[in-house]
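Have a look at my_file.txt below; it lists compact mmCIF, C-alpha atoms.
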```txt
# COMPACT_ATOMS: atom_id res chain seq x y z
CA MET A 8 -17.13 -11.55 -6.79
CA LEU A 9 -13.90 -9.67 -6.11
CA SER A 10 -15.66 -7.20 -3.81
CA ARG A 11 -17.22 -10.13 -1.96
CA THR A 12 -13.80 -11.74 -1.68
CA PHE A 13 -12.35 -8.54 -0.22
CA GLY A 14 -15.11 -8.52 2.40
CA CYS A 15 -14.49 -12.15 3.33
CA VAL A 16 -10.73 -11.57 3.62
CA ARG A 17 -11.40 -8.57 5.86
CA VAL A 18 -13.77 -10.52 8.11
CA VAL A 19 -11.36 -13.44 8.44
CA TRP A 20 -8.47 -11.11 9.27
CA ASN A 21 -10.42 -9.12 11.88
CA ARG A 22 -12.06 -12.15 13.53
CA THR A 23 -8.78 -14.04 13.72
CA LEU A 24 -6.93 -11.00 15.07
CA ALA A 25 -9.57 -10.48 17.80
CA TRP A 26 -9.43 -14.21 18.65
CA ARG A 27 -5.64 -14.11 18.91
CA HIS A 28 -5.79 -11.03 21.14
CA ALA A 29 -8.44 -12.51 23.46
CA ARG A 30 -6.65 -15.86 23.61
CA TYR A 31 -3.34 -14.31 24.60
CA HIS A 32 -4.71 -11.88 27.21
CA GLY A 33 -7.31 -14.32 28.57
CA GLU A 34 -5.41 -17.60 28.56
CA GLY A 35 -1.82 -16.47 28.06
CA ALA A 36 -1.60 -18.80 25.06
CA LYS A 37 0.35 -18.02 21.93
CA THR A 38 -1.19 -18.73 18.52
CA GLY A 39 0.66 -20.24 15.59
CA PHE A 40 -0.32 -20.67 11.96
CA THR A 41 -1.72 -24.17 12.55
CA GLN A 42 -4.10 -22.98 15.29
CA ALA A 43 -5.15 -19.92 13.26
CA ASN A 44 -5.83 -22.06 10.21
CA ALA A 45 -7.96 -24.42 12.31
CA TYR A 46 -9.87 -21.41 13.62
CA LEU A 47 -10.59 -20.37 10.02
CA THR A 48 -12.01 -23.84 9.33
CA ALA A 49 -14.23 -23.51 12.40
CA LEU A 50 -15.45 -20.08 11.24
CA LYS A 51 -16.48 -21.43 7.85
CA ALA A 52 -18.41 -24.26 9.52
CA THR A 53 -20.67 -21.90 11.50
CA ASP A 54 -24.11 -20.87 10.27
CA GLU A 55 -23.31 -17.21 10.91
CA LEU A 56 -20.33 -17.20 8.54
CA ALA A 57 -21.35 -19.91 6.09
CA TRP A 58 -21.11 -17.33 3.28
CA LEU A 59 -17.32 -17.50 3.58
CA ASN A 60 -17.59 -20.66 1.46
CA GLU A 61 -18.97 -18.66 -1.48
CA VAL A 62 -15.50 -17.32 -2.34
CA SER A 63 -12.20 -19.04 -3.00
CA SER A 64 -10.59 -20.46 0.14
CA VAL A 65 -7.06 -19.51 -0.99
CA PRO A 66 -7.29 -15.72 -0.32
CA LEU A 67 -8.70 -16.51 3.14
CA GLN A 68 -5.81 -18.86 3.92
CA GLN A 69 -3.35 -16.30 2.58
CA ALA A 70 -4.85 -13.70 4.96
CA ILE A 71 -4.07 -16.04 7.86
CA ARG A 72 -0.55 -16.56 6.53
CA HIS A 73 0.06 -12.81 6.15
CA GLN A 74 -1.22 -12.22 9.67
CA GLN A 75 1.24 -14.79 11.00
CA VAL A 76 4.07 -12.98 9.20
CA ALA A 77 2.84 -9.67 10.66
CA PHE A 78 3.03 -11.08 14.20
CA THR A 79 6.47 -12.53 13.52
CA ASN A 80 7.70 -9.11 12.40
CA PHE A 81 6.06 -7.49 15.43
CA PHE A 82 7.76 -9.79 17.95
CA ALA A 83 11.08 -9.32 16.12
CA GLY A 84 10.75 -5.53 16.50
CA ARG A 85 10.50 -4.88 12.76
CA ALA A 86 6.88 -3.70 12.70
CA ARG A 87 4.10 -2.48 14.95
CA TYR A 88 1.22 -4.55 16.26
CA PRO A 89 -1.13 -5.75 13.48
CA ARG A 90 -4.24 -3.60 13.09
CA TYR A 91 -7.79 -4.33 12.06
CA LYS A 92 -8.73 -3.89 8.41
CA SER A 93 -11.26 -1.23 7.42
CA ARG A 94 -13.74 -1.45 4.58
CA THR A 95 -12.85 2.12 3.53
CA GLY A 96 -9.11 1.45 3.11
CA ARG A 97 -7.13 -0.47 0.51
CA GLN A 98 -8.59 -3.92 -0.18
CA SER A 99 -6.61 -6.88 -1.49
CA ALA A 100 -6.77 -10.64 -2.02
CA GLU A 101 -3.87 -12.92 -2.91
CA TYR A 102 -4.24 -16.00 -5.11
CA THR A 103 -1.63 -18.74 -5.31
CA ARG A 104 -1.15 -21.18 -8.21
CA SER A 105 -3.97 -23.45 -7.05
CA ALA A 106 -6.51 -20.60 -7.29
CA PHE A 107 -5.76 -19.06 -10.67
CA ARG A 108 -4.95 -20.09 -14.23
CA TYR A 109 -2.71 -17.95 -16.43
CA ARG A 110 -2.35 -19.04 -20.04
CA ASP A 111 -1.49 -17.02 -23.14
CA GLY A 112 -1.80 -13.76 -21.18
CA ARG A 113 -5.32 -14.58 -19.96
CA LEU A 114 -6.00 -14.61 -16.21
CA LEU A 115 -8.81 -16.72 -14.76
CA LEU A 116 -9.36 -16.60 -10.99
CA ALA A 117 -11.10 -19.20 -8.85
CA LYS A 118 -14.89 -18.84 -8.53
CA MET A 119 -14.97 -16.63 -11.64
CA ASP A 120 -16.40 -17.80 -14.96
CA VAL A 121 -14.68 -15.36 -17.34
CA PRO A 122 -11.05 -14.20 -17.61
CA LEU A 123 -10.14 -11.01 -15.78
CA ALA A 124 -9.39 -8.17 -18.20
CA PHE A 125 -6.30 -6.13 -17.32
CA VAL A 126 -3.98 -3.61 -18.99
CA TRP A 127 -0.30 -4.61 -19.03
CA SER A 128 1.90 -1.80 -17.72
CA TRP A 129 5.43 -3.17 -18.30
CA PRO A 130 6.56 -2.17 -21.81
CA GLY A 131 9.12 -4.37 -23.44
CA ILE A 132 7.91 -7.56 -21.74
CA ASP A 133 5.30 -9.74 -23.41
CA PRO A 134 2.73 -10.80 -20.75
CA VAL A 135 2.32 -14.12 -22.57
CA THR A 136 5.90 -15.09 -21.65
CA ILE A 137 5.63 -14.72 -17.86
CA ASP A 138 4.73 -17.50 -15.43
CA PRO A 139 3.41 -15.85 -12.22
CA THR A 140 3.65 -17.65 -8.88
CA THR A 141 1.02 -15.51 -7.16
CA VAL A 142 -1.51 -12.90 -8.24
CA THR A 143 -2.71 -10.12 -5.94
CA ILE A 144 -5.89 -8.25 -6.81
CA SER A 145 -6.26 -4.93 -4.99
CA ARG A 146 -8.47 -1.84 -5.01
CA ASP A 147 -7.37 1.50 -3.58
CA PRO A 148 -9.77 3.88 -1.75
CA CYS A 149 -10.28 5.95 -4.91
CA GLY A 150 -11.65 2.96 -6.80
CA ARG A 151 -8.66 1.99 -8.96
CA TRP A 152 -8.04 -1.74 -9.42
CA TYR A 153 -4.68 -3.51 -9.75
CA ALA A 154 -3.54 -7.01 -10.64
CA SER A 155 0.01 -7.59 -9.37
CA PHE A 156 1.98 -10.60 -10.58
CA ALA A 157 4.82 -12.17 -8.59
CA VAL A 158 7.36 -13.72 -10.96
CA ASP A 159 10.44 -15.78 -10.12
CA LEU A 160 13.11 -14.14 -12.28
CA ALA A 161 15.59 -16.94 -11.57
CA VAL A 162 13.25 -19.46 -13.20
CA ASP A 163 11.45 -17.36 -15.79
CA LEU A 164 14.23 -16.76 -18.30
CA ALA A 165 11.89 -14.76 -20.55
CA VAL A 166 12.17 -11.84 -18.14
CA ASP A 167 15.77 -10.61 -18.33
CA VAL A 168 16.66 -7.35 -16.57
CA ASP A 169 20.24 -6.11 -16.72
CA ASP A 170 21.87 -4.44 -13.72
CA PRO A 171 22.26 -0.67 -14.16
CA GLY A 172 25.72 0.55 -15.05
CA GLN A 173 27.86 2.82 -12.87
CA ALA A 174 27.25 6.53 -13.49
CA PRO A 175 30.32 8.54 -14.58
CA ALA A 176 32.19 10.37 -11.79
CA THR A 177 31.71 14.14 -11.54
CA GLY A 178 34.21 14.97 -8.80
CA ARG A 179 31.65 17.21 -7.04
CA VAL A 180 30.60 17.17 -3.40
CA VAL A 181 27.52 18.94 -2.05
CA GLY A 182 25.84 19.47 1.31
CA VAL A 183 22.05 19.69 1.50
CA ASP A 184 20.11 21.54 4.20
CA VAL A 185 16.36 20.87 4.10
CA GLY A 186 13.74 23.30 5.35
CA VAL A 187 10.12 24.40 5.17
CA LYS A 188 10.35 27.77 3.42
CA ASP A 189 12.83 26.41 0.87
CA PHE A 190 12.67 22.66 0.45
CA ALA A 191 16.46 22.45 0.28
CA VAL A 192 19.47 24.74 0.15
CA THR A 193 22.72 23.28 -1.17
CA SER A 194 26.26 24.26 -0.22
CA ASP A 195 26.63 25.61 -3.78
CA GLY A 196 24.04 28.27 -2.98
CA GLU A 197 21.20 26.69 -4.94
CA LYS A 198 17.74 27.05 -3.43
CA ILE A 199 15.12 24.42 -4.26
CA VAL A 200 11.67 25.92 -3.81
CA ASN A 201 9.20 24.02 -1.65
CA PRO A 202 6.22 23.27 -3.96
CA ARG A 203 3.82 22.85 -0.96
CA HIS A 204 1.70 20.20 -2.66
CA LEU A 205 -0.80 19.81 0.18
CA ALA A 206 -1.20 23.54 0.79
CA LYS A 207 -2.09 24.15 -2.87
CA ARG A 208 -4.91 21.60 -2.76
CA GLU A 209 -5.95 22.07 0.85
CA ARG A 210 -8.89 24.31 0.08
CA ASN A 211 -10.45 21.88 -2.40
CA LEU A 212 -9.66 18.96 -0.12
CA ALA A 213 -11.45 20.64 2.79
CA ARG A 214 -14.48 21.24 0.60
CA TYR A 215 -14.60 17.56 -0.43
CA GLN A 216 -14.30 16.50 3.21
CA ARG A 217 -17.18 18.77 4.23
CA ARG A 218 -19.32 17.24 1.49
CA GLU A 219 -18.49 13.78 2.77
CA GLY A 220 -19.41 14.79 6.31
CA ARG A 221 -22.84 16.01 5.22
CA ARG A 222 -23.74 12.74 3.51
CA LYS A 223 -25.70 10.04 5.31
CA ARG A 224 -23.54 7.27 6.73
CA GLY A 225 -23.70 4.10 4.66
CA SER A 226 -25.24 5.80 1.62
CA ASN A 227 -23.95 5.64 -1.95
CA ASN A 228 -23.50 9.42 -1.99
CA ARG A 229 -21.19 9.20 1.02
CA ALA A 230 -19.17 6.50 -0.72
CA LYS A 231 -18.83 8.71 -3.82
CA ALA A 232 -17.77 11.69 -1.68
CA ARG A 233 -15.23 9.52 0.16
CA ALA A 234 -13.77 8.39 -3.17
CA LYS A 235 -13.40 12.02 -4.24
CA VAL A 236 -11.47 12.79 -1.04
CA ALA A 237 -9.26 9.76 -1.70
CA ARG A 238 -8.57 10.93 -5.26
CA ALA A 239 -7.55 14.36 -3.96
CA HIS A 240 -5.12 12.76 -1.52
CA ARG A 241 -3.79 10.55 -4.33
CA GLU A 242 -3.02 13.62 -6.45
CA VAL A 243 -1.12 15.21 -3.56
CA ARG A 244 0.79 11.98 -2.94
CA ALA A 245 1.68 11.51 -6.61
CA SER A 246 2.81 15.12 -7.05
CA ARG A 247 5.02 14.93 -3.97
CA ALA A 248 6.59 11.63 -5.05
CA ASP A 249 7.26 13.00 -8.55
CA PHE A 250 8.97 16.10 -7.13
CA LEU A 251 11.10 14.08 -4.70
CA HIS A 252 12.17 11.61 -7.40
CA ARG A 253 13.13 14.37 -9.85
CA THR A 254 15.06 16.33 -7.22
CA SER A 255 16.92 13.34 -5.80
CA VAL A 256 17.82 11.96 -9.25
CA ARG A 257 19.24 15.33 -10.32
CA LEU A 258 21.35 15.67 -7.16
CA VAL A 259 22.65 12.11 -7.44
CA GLY A 260 23.51 12.55 -11.12
CA ASP A 261 25.41 15.80 -10.57
CA HIS A 262 27.45 14.83 -7.48
CA ASP A 263 29.64 12.00 -6.24
CA VAL A 264 29.11 12.72 -2.53
CA ILE A 265 25.95 14.13 -0.93
CA VAL A 266 25.94 15.17 2.72
CA ILE A 267 22.57 15.66 4.43
CA GLU A 268 21.81 16.48 8.05
CA ASP A 269 20.27 14.00 10.47
CA LEU A 270 16.77 15.11 11.38
CA ASN A 271 14.47 13.73 14.05
CA VAL A 272 11.36 14.14 11.90
CA LYS A 273 9.24 12.10 14.32
CA GLY A 274 10.06 14.54 17.09
CA MET A 275 9.71 17.64 14.91
CA VAL A 276 6.14 16.84 13.85
CA ARG A 277 5.09 17.11 17.49
CA ASN A 278 5.18 20.85 16.95
CA ARG A 279 1.50 21.46 16.24
CA SER A 280 2.10 24.67 14.31
CA LEU A 281 4.57 23.08 11.89
CA ALA A 282 3.49 19.42 11.81
CA LYS A 283 1.44 19.71 8.61
CA ALA A 284 4.09 21.71 6.74
CA ILE A 285 6.86 19.31 7.80
CA SER A 286 4.84 16.25 6.79
CA ASP A 287 4.06 17.84 3.42
CA CYS A 288 7.78 18.24 2.66
CA GLY A 289 8.55 14.50 2.71
CA TRP A 290 12.05 14.80 4.16
CA GLY A 291 12.19 11.14 5.18
CA ALA A 292 11.27 9.90 1.71
CA PHE A 293 13.76 12.34 0.16
CA ARG A 294 16.60 10.99 2.28
CA ARG A 295 15.70 7.38 1.45
CA MET A 296 15.69 8.21 -2.27
CA LEU A 297 19.14 9.79 -2.00
CA GLU A 298 20.45 6.74 -0.17
```

In structure tokens, how does this file's structure come out?
Amino acid sequence: MLSRTFGCVRVVWNRTLAWRHARYHGEGAKTGFTQANAYLTALKATDELAWLNEVSSVPLQQAIRHQQVAFTNFFAGRARYPRYKSRTGRQSAEYTRSAFRYRDGRLLLAKMDVPLAFVWSWPGIDPVTIDPTTVTISRDPCGRWYASFAVDLAVDLAVDVDDPGQAPATGRVVGVDVGVKDFAVTSDGEKIVNPRHLAKRERNLARYQRREGRRKRGSNNRAKARAKVARAHREVRASRADFLHRTSVRLVGDHDVIVIEDLNVKGMVRNRSLAKAISDCGWGAFRRMLE
């Protein structure tokens, strides 16, 4: 049922996005949430897409709402133009209060007969005490499933998180120069070795990608090979994030002032011989973590 819901959400998003695009370029008409929601109702009334009624209507309406927010951010200059959803990427469906029931730590979604089993990953907080406003079910390309709860902390007094305290002053100032050979060199003379996460796994990753390419399109074997490629990318991503978090936390804890150079990473990756190595470093994420 969840996989079917993902497919319906994807179809509604793509059909509505194509309709918006054609309507604007053909008629010069702008589309608001009311018109898009009416278009969804018309889609569900057709014989071709009558199967949209087999899943809960709330995730479909939420897809329209998210698309409206995406266009608002695009016209405000905060995001790029909304793109079509792919069946091989991350899939998600959002349920509001009218489409799920959460009691005593048990989650029951609309159109499902049994509660959804999940593993709670927030130690110290009893899942029975929370009162979620929305629930988002998602599946990443490697096949892992997630149930994400949105909770209003101002209302739900059972969830009490204290603000972190101020770290003690060290009186130390450091300058950081990032690079490819050494990930970073500090003004104290310390060299932080570049772990080259992608380069270490590149050989295995290439082998998995070749296996995927040899499989027949649309077959189960191709889907399994694609999941293996996704898992390899996930390992690279997780290793890089772990290294960046550990490095940035150590620098922040040991210094009061950190000075780092301004880099035009977007322009530097245009160098074809260094683009992969620069992207593997994660300089942009490192700077954001320091900030």

**Item:** Two-atom distance - atom CA of A:Arg72, atom CA of A:Tyr31 (Å)
**Value:**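 Separating atom CA of A:Arg72 from atom CA of A:Tyr31 is a distance of 18.4 Å.
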
**Complete:** Min atom-atom distance to A:Thr48 from the set A:Phe13, A:Lys92, A:Val19, A:Arg30, counting only C-alpha atoms, belongs to A:Val19

**Request:** Fewer than 5 positions away in the same chain doesn't count, so skip those; otherwise give me all residues within 12 Å of A:Lys37, counting all atoms listed in the file, as JSON, numbers by chain.
**Result:** {"A": [26, 27, 28, 29, 30, 31, 32, 42, 43, 75, 78, 79, 82]}

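The space between atom CA of A:Ala237 and atom CA of A:Cys149 spans 5.1 Å.
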
**Message:** Considering all atoms listed in the file, can you say which of A:Arg151, A:Arg104, A:Arg214, A:Lys273 comes closest to A:Ala232?
**Reply:**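 Comparing A:Arg151, A:Arg104, A:Arg214, A:Lys273 against A:Ala232, the winner is A:Arg214.
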
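The shortest atom-to-atom distance to A:Ser10, with only C-alpha atoms taken into account, belongs to A:Gln98 out of A:Ser255, A:Gln98, A:Ser286, A:Gln216.
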
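Relative to atom CA of A:Tyr153, atom CA of A:Pro130 is found at 16.5 Å.
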
**Message:** Can you pull out the residues contacting A:Val243? Cut-off 7 Å, using all atoms listed in the file, and skip same-chain residues under 4 positions away; I want them as a list in words.
**Reply:** His204, Leu205, Ala239 and Arg247 of chain A

Can you put N, CA and C atoms back into stretch 87-111 of chain A and show it as a compact mmCIF listing (two decimals), in the frame of the given file?
```txt
# COMPACT_ATOMS: atom_id res chain seq x y z
N ARG A 87 4.99 -2.71 13.81
CA ARG A 87 4.10 -2.48 14.95
C ARG A 87 3.03 -3.57 15.00
N TYR A 88 2.23 -3.52 16.04
CA TYR A 88 1.22 -4.55 16.26
C TYR A 88 0.22 -4.53 15.11
N PRO A 89 -0.17 -5.71 14.59
CA PRO A 89 -1.13 -5.75 13.48
C PRO A 89 -2.44 -5.06 13.84
N ARG A 90 -3.01 -4.35 12.87
CA ARG A 90 -4.24 -3.60 13.09
C ARG A 90 -5.40 -4.24 12.34
N TYR A 91 -6.61 -3.83 12.72
CA TYR A 91 -7.79 -4.33 12.06
C TYR A 91 -7.93 -3.67 10.69
N LYS A 92 -8.52 -4.40 9.76
CA LYS A 92 -8.73 -3.89 8.41
C LYS A 92 -10.06 -3.14 8.34
N SER A 93 -10.07 -2.05 7.59
CA SER A 93 -11.26 -1.23 7.42
C SER A 93 -11.83 -1.41 6.02
N ARG A 94 -13.13 -1.31 5.90
CA ARG A 94 -13.74 -1.45 4.58
C ARG A 94 -13.52 -0.21 3.71
N THR A 95 -13.08 0.90 4.30
CA THR A 95 -12.85 2.12 3.53
C THR A 95 -11.40 2.25 3.06
N GLY A 96 -10.51 1.37 3.50
CA GLY A 96 -9.11 1.45 3.11
C GLY A 96 -8.82 0.60 1.88
N ARG A 97 -7.55 0.36 1.65
CA ARG A 97 -7.13 -0.47 0.51
C ARG A 97 -7.55 -1.91 0.75
N GLN A 98 -8.14 -2.53 -0.27
CA GLN A 98 -8.59 -3.92 -0.18
C GLN A 98 -7.71 -4.78 -1.09
N SER A 99 -7.44 -6.01 -0.66
CA SER A 99 -6.61 -6.88 -1.49
C SER A 99 -6.93 -8.34 -1.19
N ALA A 100 -6.62 -9.19 -2.16
CA ALA A 100 -6.77 -10.64 -2.02
C ALA A 100 -5.68 -11.29 -2.84
N GLU A 101 -4.99 -12.26 -2.24
CA GLU A 101 -3.87 -12.92 -2.91
C GLU A 101 -4.26 -14.33 -3.32
N TYR A 102 -3.94 -14.68 -4.57
CA TYR A 102 -4.24 -16.00 -5.11
C TYR A 102 -2.92 -16.71 -5.42
N THR A 103 -2.79 -17.93 -4.97
CA THR A 103 -1.63 -18.74 -5.31
C THR A 103 -1.95 -19.60 -6.54
N ARG A 104 -1.00 -20.42 -6.96
CA ARG A 104 -1.15 -21.18 -8.21
C ARG A 104 -2.40 -22.06 -8.24
N SER A 105 -2.81 -22.55 -7.08
CA SER A 105 -3.97 -23.45 -7.05
C SER A 105 -5.28 -22.70 -7.25
N ALA A 106 -5.26 -21.37 -7.23
CA ALA A 106 -6.51 -20.60 -7.29
C ALA A 106 -6.59 -19.71 -8.52
N PHE A 107 -5.65 -19.83 -9.44
CA PHE A 107 -5.76 -19.06 -10.67
C PHE A 107 -5.11 -19.84 -11.81
N ARG A 108 -5.52 -19.48 -13.01
CA ARG A 108 -4.95 -20.09 -14.23
C ARG A 108 -4.52 -18.96 -15.15
N TYR A 109 -3.26 -19.00 -15.57
CA TYR A 109 -2.71 -17.95 -16.43
C TYR A 109 -2.12 -18.61 -17.67
N ARG A 110 -2.81 -18.44 -18.79
CA ARG A 110 -2.35 -19.04 -20.04
C ARG A 110 -2.52 -18.04 -21.17
N ASP A 111 -1.46 -17.90 -21.96
CA ASP A 111 -1.49 -17.02 -23.14
C ASP A 111 -1.91 -15.60 -22.77
```
